[in-house]
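A.B. asks: Mind looking over this structure? Questions follow.
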Amino acid sequence: MMDDVRSPRLVGARVLRVEDRRLLTGSGRFVADIALDRMLAAKFVRADVAHGNLTGVDVSAGLSIDGVLAVFVGSDFADHEVRCVSSYEGFQSSGQPILAVDRVRFVGEAIAMVVADDEYVAEDGCDAVIVDIEALTPILSRAQALADDAEPLHAGWVGNAYARRALRTPRFDQAVANAAHHLTLQLTNGRHTGIPIETRGCVAEYDRGSGVFRLFTTTQIPHLIRAGLSLALGVPESNIQVVSPDVGGGFGVKAQLYVEDVACCLAARALGRPIKWVEDRREHFIASHHSREHYHSVTAHFDDDGVVQALEADVAVDMGAYSVFPWTATMDNGMAMGILPGPYRIHHYAATGTPYCTNKTPYGAYRGVARPAACFSIERLIDQIARHRGLDRVEVRRRNLLQGSDYPWHSPSGLVYDSGSLIESMDKVVELADYDGLLVDQARGRAEGRLLGIGLVAFTEQTAHSTQEFKLRGVPIVFGYETVRVRMDASGQAVVAASIHDHGQGLETTLAQITADRLGLAIEDVHVQYGDTDRVAYGSGTFASRSAVLAGGAATKAADVVADVLREVAAHCLEASPEDVVLDAGKLWVRGTPSRSIEVKEVCRLVYQRPERLPDGVEPMLEATRTYDAAPGTGAYTNAAHLAMVEVDQQTGKSQVLTYAVVEDCGPMINPMIVEGQIFGGIAQGIGTALFEEFLYDDDGQPLSTTFADYLIPTMTDVPDFRVAHLQTPSPHTIGGIKGMGEGGAIPPGAVIAAAIEDAISPLGHVVITRLPLTPERVLEYIDAAKNQGGGR
Amino acid sequence: MREINVVINGSDVRATVSDRLLLSDFIRDDQRLTGTHVGCEHGYCGSCTVLLDGASVRSCLTLAVQTDGHVIETVESLAVGADLHPIQEAFRLNHGLQCGFCTPGLLMTTLELARENRECSREEIRERLAGNLCRCTGYHHIVDAVEAALRTGGRDDG
């Protein structure tokens, strides 16, 4: 393979997005926009009791409604289920029925499916179905779930832990004994999730002639959905086509096989007509997976200088009623235990973890997976060490953060951090935010009685992890690689078919940038396809900040193969050696003799349409498929530093973020404009984590957060303008040195804003903030506690 | 069922609709103008915003029969052929969208603001558009886009 002499033109530039035109003109195609011939509408009857025996479902009144064609109940689909088994030792497995059969385990669980001529009539049908549930005592907390006498929620289980995990480094006890100081925090993270503005939905059809299911669905992971459907439906993958068109945001919540996908496929086969289901917003709040509800107990053992000698952690995660596909019910727990030591030079570590089962909506991935909670725990600890030792927060971090000479860093939990610039990013964000100026503002504000506080966090974002990492997480399918096929057609256009999905991340543009550079094309001549299992090769999809690295790497590899064929054919035409042929700007020419040239388009035409002109041994094909796993597969470590100033209203407890600055190091950037958009979006979600978002339940397990009126996501007035700067430390492991960055923005805002609020109310007295979200009520509680405590500065 | 006569994006439309049909479903399913998106059906998210006689409304909280005799504008009215409307162009140039689902509602709300033909600070823009939820962008680039649109001819002849 030859290297080009030219430098990249598009990679690294703020290239405008190729997908924007269709999205701006209303020409996108989302699942809800799909209308098929003879299509029917489905709606679901859902459990309104958190835990109970399902004693009867009377569908007769529903069926009698004009326009209702069928009502399916649990027994109709009883041969099918969604099950995801972790390979962790002792894992207790839970199969989720497609429609509840004899037990309901959360409010929102699907019980019956009404199929009708249109959505309005299907809803009438749902209203007419009569469900009898004999209520049982629900399990809604860790204490209830893990009590010695707790009734198991699933048959055959012992207790309600999905699994129990423990790790301990060899000389941990000795390190603890040697440490002069010990500090423990108990931290709580509210249950919340991604909440894309597009809800879920699907359209299923079944072709009786071929026996093939086709499912249009709102997913980030088309191939994994096909793999899961294959298991749930009991048909080979080749009999299933999954198509995920434009998707209105994912954030992890759409990276999961849901029972509605399976139900619509089964109903489409039973009725011989396409079935469409579009989730409504209330369903989304109760039936799409939840996330983030972590309970951590963490202890730092440190010396007089505030240097951490050892870390101890206990992690518990409320995984809800069922283990979800493809993540299982252990992933958050494993990720939290792995990443808790964070960006610090901690050698000695002991951790235990318990993901447990409750009568709540099942729990899946949300942008950052466990890392926001882990970051909250370790950063709150570091802040308290600073206070304990009377050190500045920046200084205590400087003493503990990994430095250049520490890389590659083998963390005490077995992760390998490849590279980073933690102290540099912290120093730079201090400068970017004008920290000294903020301190002056703060002092002036305090003199006027305002509660102003500053929070600061530097952290690592584990990205682009593949085979090695997922092998350790106990998932049944190891998400090791992504795949890209690059094909040039006879018109000189490149079609890039990728196994990832794009639902806002701009991957359609970034993959086009990469491919265009490798093939010497204009971006207009590159067309990126994704989201259809029949059109793209096998892979996993988009999650875990890995698509740009893995699909970008695969695109590079595949494009280089095609470029070599272009050179070989051009060399033959130009009577030169392939090594002497330069490819750029839509042309191939002989190095040093630009007049001896041929257009890429002409080479493409010759390859397909004039095979007699090809050199011996060259096949009439301009196509290559390559996979990429970013060996060694342990991940590329992005890092960043965030700094915020927050004002707290002492009367109402409302917190307003006034300033937010971030320095991000995700290695060389493919498109800085897109990188910044991802960071800003992540921070806004993190502000939701910090201040607003929580699924609350009453004592019976009734969800209290079922509309946007009681589950608040940040609006335009809740987030400030952002300041951003970049460092670019390349990964030694990845093609181009690039690192992932899709999740990072969402990881630290909880820790940053909690620190800022704690600082803001510190003139009233000392409190340690350990609970998110910091809603006005909770901030008022902290203010009261601070006043009672006294001792403020 | 009831007959209604409306003007949608400049075209006269006569249709027979059920009394309970939402304007959002009428636009999307009956008229097949799927650029208007439905995000909550509660009136909170703003994705389904269209202009009714020039004023922004939630099409998910409006019945189709209520629009009889009125003028509706949707996102499909903005671009002329291949030429983007200045507001759309401002969103493109400023990376004011990611997944694009909330975008049509934001564009229509911005159009209403642009027609007021006045300067707006970033704070005013945030106040005016706070009824449109976006989960992808963190809003910063949207505010940039609206600022640019108001500055560079987002006002159309509307």
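Please note that chains go A, B, ... in the order of the structure tokens, that every chain numbers its residues from 1, and that ligands are numbered from 1 in the order shown.
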Applying 9 Å and only C-alpha atoms, which residues near Gly541 in chain A remain after dropping the ones on its own chain fewer than 6 positions away? List them as a list in words.
C.D. replies: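 Contacts, in chain order: Thr219, Gln220, Ile221, Pro222, His223, Leu224, Ala255, Phe479, Glu482, Ala498, Ser499, Ile500, His501, Asp502, Gly531 and Ser547 of chain A.
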A.B. asks: Please save N, CA and C atoms of the selected residues as a JSON list (two decimals), in the first residue's frame.
C.D. replies:
```
[["chain", "number", "residue", "atom", "x", "y", "z"],
["A", 219, "THR", "N", -33.50, 2.69, 15.78],
["A", 219, "THR", "CA", -32.40, 2.09, 16.55],
["A", 219, "THR", "C", -31.04, 2.64, 16.15],
["A", 220, "GLN", "N", -30.13, 2.59, 17.11],
["A", 220, "GLN", "CA", -28.73, 2.96, 16.88],
["A", 220, "GLN", "C", -27.92, 1.75, 16.42],
["A", 221, "ILE", "N", -28.52, 0.55, 16.53],
["A", 221, "ILE", "CA", -27.74, -0.68, 16.39],
["A", 221, "ILE", "C", -28.47, -1.71, 15.50],
["A", 222, "PRO", "N", -28.62, -1.42, 14.21],
["A", 222, "PRO", "CA", -29.44, -2.29, 13.36],
["A", 222, "PRO", "C", -29.00, -3.76, 13.39],
["A", 223, "HIS", "N", -27.71, -4.03, 13.30],
["A", 223, "HIS", "CA", -27.28, -5.43, 13.26],
["A", 223, "HIS", "C", -27.52, -6.15, 14.57],
["A", 224, "LEU", "N", -27.33, -5.44, 15.67],
["A", 224, "LEU", "CA", -27.57, -6.08, 16.97],
["A", 224, "LEU", "C", -29.06, -6.32, 17.18],
["A", 255, "ALA", "N", -30.56, 2.06, 21.78],
["A", 255, "ALA", "CA", -29.58, 1.00, 21.51],
["A", 255, "ALA", "C", -30.00, -0.25, 22.26],
["A", 479, "PHE", "N", -18.73, -6.44, 21.26],
["A", 479, "PHE", "CA", -18.82, -5.38, 20.24],
["A", 479, "PHE", "C", -17.40, -4.98, 19.83],
["A", 482, "GLU", "N", -16.05, -2.49, 13.82],
["A", 482, "GLU", "CA", -17.06, -2.02, 12.88],
["A", 482, "GLU", "C", -16.55, -2.29, 11.48],
["A", 498, "ALA", "N", -21.60, 1.72, 5.89],
["A", 498, "ALA", "CA", -20.97, 1.53, 7.20],
["A", 498, "ALA", "C", -21.93, 0.84, 8.17],
["A", 499, "SER", "N", -21.36, 0.04, 9.05],
["A", 499, "SER", "CA", -22.18, -0.70, 10.01],
["A", 499, "SER", "C", -22.60, 0.14, 11.21],
["A", 500, "ILE", "N", -22.12, 1.36, 11.29],
["A", 500, "ILE", "CA", -22.55, 2.25, 12.37],
["A", 500, "ILE", "C", -23.85, 2.95, 11.98],
["A", 501, "HIS", "N", -24.35, 3.79, 12.84],
["A", 501, "HIS", "CA", -25.56, 4.57, 12.53],
["A", 501, "HIS", "C", -25.31, 6.02, 12.91],
["A", 502, "ASP", "N", -25.98, 6.91, 12.21],
["A", 502, "ASP", "CA", -25.84, 8.34, 12.50],
["A", 502, "ASP", "C", -27.20, 8.87, 12.90],
["A", 531, "GLY", "N", -27.54, 1.93, 8.39],
["A", 531, "GLY", "CA", -28.86, 1.72, 8.95],
["A", 531, "GLY", "C", -29.71, 0.66, 8.27],
["A", 547, "SER", "N", -17.72, 5.18, 17.10],
["A", 547, "SER", "CA", -18.00, 5.08, 15.67],
["A", 547, "SER", "C", -16.97, 5.80, 14.81]]
```
A.B. asks: Within 8 Å of Arg126 in chain B, counting only C-alpha atoms, which residues qualify if same-chain residues fewer than 4 places away don't, as number ranges by chain?
C.D. replies: A: 716-717; B: 122, 130, 143
A.B. asks: Write down, as a PyMOL selection string, each residue of chain A that has any atom within 9 Å of an atom of chain B, counting only C-alpha atoms.
C.D. replies: chain A and resi 16-17+20-21+23-30+32-33+35+120+194-199+246-251+280-282+502-506+673-674+677-685+707-709+713-722
A.B. asks: Those same residues, written as a short mmCIF file (atom, residue, chain, number, x, y, z; two decimals), in the first residue's frame with C-alpha atoms?
C.D. replies:
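Below you can see again.cif, which holds the result:
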```
data_model
loop_
_atom_site.label_atom_id
_atom_site.label_comp_id
_atom_site.auth_asym_id
_atom_site.auth_seq_id
_atom_site.Cartn_x
_atom_site.Cartn_y
_atom_site.Cartn_z
CA LEU A 16 -20.47 21.70 6.83
CA ARG A 17 -22.65 18.66 7.23
CA ASP A 20 -28.31 18.97 6.87
CA ARG A 21 -30.11 19.82 3.66
CA LEU A 23 -33.17 17.57 7.66
CA LEU A 24 -33.65 21.33 7.27
CA THR A 25 -36.21 20.99 4.50
CA GLY A 26 -38.37 18.41 6.22
CA SER A 27 -37.20 15.78 3.74
CA GLY A 28 -35.70 13.42 6.30
CA ARG A 29 -37.34 10.03 6.61
CA PHE A 30 -38.04 9.03 10.18
CA ALA A 32 -43.06 7.73 11.99
CA ASP A 33 -43.01 9.08 8.42
CA ALA A 35 -46.50 4.60 5.31
CA TYR A 120 -57.05 6.59 17.06
CA GLY A 194 -31.60 10.00 27.40
CA ILE A 195 -35.06 11.29 26.40
CA PRO A 196 -34.58 11.87 22.68
CA ILE A 197 -37.18 14.24 21.21
CA GLU A 198 -38.25 11.51 18.77
CA THR A 199 -39.87 8.69 20.72
CA ASP A 246 -33.26 8.92 10.10
CA VAL A 247 -33.43 8.68 13.89
CA GLY A 248 -34.32 11.64 16.08
CA GLY A 249 -31.66 11.23 18.76
CA GLY A 250 -30.61 8.08 20.55
CA PHE A 251 -28.28 8.65 23.52
CA ASP A 280 -46.26 8.25 22.73
CA ARG A 281 -44.36 10.39 25.21
CA ARG A 282 -45.98 8.91 28.30
CA ASP A 502 -25.84 8.34 12.50
CA HIS A 503 -28.57 9.98 14.54
CA GLY A 504 -27.12 13.44 14.95
CA GLN A 505 -23.43 12.80 15.50
CA GLY A 506 -22.51 13.94 11.99
CA MET A 673 -17.39 21.97 14.35
CA ILE A 674 -18.99 18.59 14.93
CA GLY A 677 -21.55 20.37 18.82
CA GLN A 678 -21.18 16.99 20.51
CA ILE A 679 -19.51 18.55 23.55
CA PHE A 680 -22.18 21.24 23.94
CA GLY A 681 -25.01 18.76 23.59
CA GLY A 682 -23.41 16.47 26.15
CA ILE A 683 -22.95 19.28 28.65
CA ALA A 684 -26.61 20.30 28.33
CA GLN A 685 -27.62 16.73 29.10
CA THR A 707 -44.80 14.17 31.06
CA PHE A 708 -42.39 16.96 30.21
CA ALA A 709 -44.19 18.97 32.91
CA ILE A 713 -35.03 18.55 30.45
CA PRO A 714 -32.93 21.68 30.03
CA THR A 715 -34.44 24.39 27.87
CA MET A 716 -32.65 27.17 26.08
CA THR A 717 -32.77 29.40 29.18
CA ASP A 718 -31.34 26.71 31.47
CA VAL A 719 -27.96 26.46 29.76
CA PRO A 720 -25.42 29.21 29.15
CA ASP A 721 -23.23 29.92 26.17
CA PHE A 722 -20.24 27.61 26.31
#
```
A.B. asks: Using only C-alpha atoms, can you tell me which of A:Arg473, A:Thr358, A:Thr509, A:Gly306 comes closest to Leu391 in chain A?
C.D. replies: A:Gly306
A.B. asks: Per DSSP on the backbone, filter range 43-101 of chain B down to the residues in strand (DSSP E) and report them as a short mmCIF file (atom, residue, chain, number, x, y, z; two decimals) with N, CA and C atoms, in the first residue's frame.
C.D. replies:
```
data_model
loop_
_atom_site.label_atom_id
_atom_site.label_comp_id
_atom_site.auth_asym_id
_atom_site.auth_seq_id
_atom_site.Cartn_x
_atom_site.Cartn_y
_atom_site.Cartn_z
N THR B 49 -44.39 22.54 15.97
CA THR B 49 -44.81 23.93 15.76
C THR B 49 -44.98 24.24 14.27
N VAL B 50 -46.15 24.80 13.95
CA VAL B 50 -46.40 25.33 12.60
C VAL B 50 -46.94 26.75 12.78
N LEU B 51 -47.05 27.47 11.69
CA LEU B 51 -47.64 28.80 11.78
C LEU B 51 -49.09 28.72 11.31
N LEU B 52 -49.99 29.30 12.11
CA LEU B 52 -51.41 29.36 11.78
C LEU B 52 -51.75 30.84 11.67
N ALA B 55 -49.01 32.90 13.15
CA ALA B 55 -48.63 32.76 14.57
C ALA B 55 -48.27 31.31 14.87
N SER B 56 -47.23 31.12 15.69
CA SER B 56 -46.81 29.75 15.98
C SER B 56 -47.86 29.06 16.85
N VAL B 57 -48.18 27.82 16.49
CA VAL B 57 -49.08 26.99 17.30
C VAL B 57 -48.49 25.59 17.40
N ARG B 58 -48.89 24.91 18.46
CA ARG B 58 -48.55 23.49 18.59
C ARG B 58 -49.58 22.72 17.76
N VAL B 71 -54.89 29.78 7.42
CA VAL B 71 -53.68 29.60 6.61
C VAL B 71 -52.61 28.91 7.45
N ILE B 72 -52.09 27.82 6.95
CA ILE B 72 -51.08 27.03 7.68
C ILE B 72 -49.77 27.08 6.91
N GLU B 73 -48.68 27.28 7.65
CA GLU B 73 -47.35 27.19 7.03
C GLU B 73 -46.54 26.13 7.77
#
```
A.B. asks: Do a neighbour search on Ile423 in chain A at 12 Å with only C-alpha atoms, toss out local chain neighbours closer than 2 positions, and write the hits as JSON, numbers by chain.
C.D. replies: {"A": [343, 344, 394, 395, 396, 397, 398, 399, 400, 401, 402, 403, 404, 420, 421, 425, 426, 427, 428, 429, 430, 457, 458, 459, 460, 639, 640, 641, 663, 664, 665, 727]}
A.B. asks: Using only C-alpha atoms, which protein or nucleic acid residues come within 7 Å of Phe325 in chain A? Drop anything in the same chain fewer than 3 positions from it, and give the result as an MDAnalysis selection string.
C.D. replies: chainID A and resid 83:84 256:257 328
A.B. asks: Given only C-alpha atoms as the basis, pick out the residue of A:Glu119, A:Gly62, A:Val369, A:Val495 nearest to Asp25 in chain B.
C.D. replies: A:Glu119
A.B. asks: As number ranges by chain, please: the residues near Thr16 in chain B (cut-off 12 Å, only C-alpha atoms, same-chain neighbours under 5 positions excluded).
C.D. replies: B: 1-6, 21, 26, 30-31, 64-65, 68
A.B. asks: Out of A:Arg103, A:Arg605, A:His284, A:Lys43, which residue has the shortest atom-to-atom distance to Asp127 in chain A when counting only C-alpha atoms?
C.D. replies: A:Lys43
A.B. asks: Check range 448-639 of chain A with DSSP on the backbone and list each residue it calls helix (DSSP H, G or I), as an MDAnalysis selection string.
C.D. replies: chainID A and resid 467:472 507:519 523:525 547:574 578:580 600:609 611:613
A.B. asks: Skipping near chain neighbours, those fewer than 5 positions away, what residues fall within 8 Å of Asp580 in chain A using only C-alpha atoms, listed as a list in words?
C.D. replies: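 Here the qualifying residues turn out to be Ala571, Val590 and Arg591 of chain A.
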A.B. asks: Measure the distance from CA of Phe216 in chain A to CA of Phe44 in chain A in Å and round it to one decimal.
C.D. replies: 18.2 Å
A.B. asks: Would you kindly return, as a PDB file with C-alpha atoms, in the first residue's frame, each protein, DNA or RNA residue with an atom no farther than 9 Å from any atom of Glu758 in chain A, considering only C-alpha atoms and excluding same-chain residues fewer than 5 positions away?
C.D. replies:
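Final output, around_24.pdb:
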```pdb
ATOM      1  CA  GLY A 453     -19.734  29.056  43.358  1.00  0.00           C
ATOM      2  CA  ILE A 454     -17.148  27.484  41.109  1.00  0.00           C
ATOM      3  CA  GLY A 455     -16.676  23.819  40.239  1.00  0.00           C
ATOM      4  CA  ILE A 753     -22.130  21.694  39.270  1.00  0.00           C
ATOM      5  CA  HIS A 766     -20.165  23.566  55.338  1.00  0.00           C
ATOM      6  CA  VAL A 767     -22.140  20.810  53.694  1.00  0.00           C
ATOM      7  CA  VAL A 768     -20.995  17.975  51.443  1.00  0.00           C
ATOM      8  CA  ILE A 769     -23.210  17.575  48.419  1.00  0.00           C
ATOM      9  CA  TYR A 782     -28.565  21.737  51.726  1.00  0.00           C
TER      10      TYR A 782
END
```
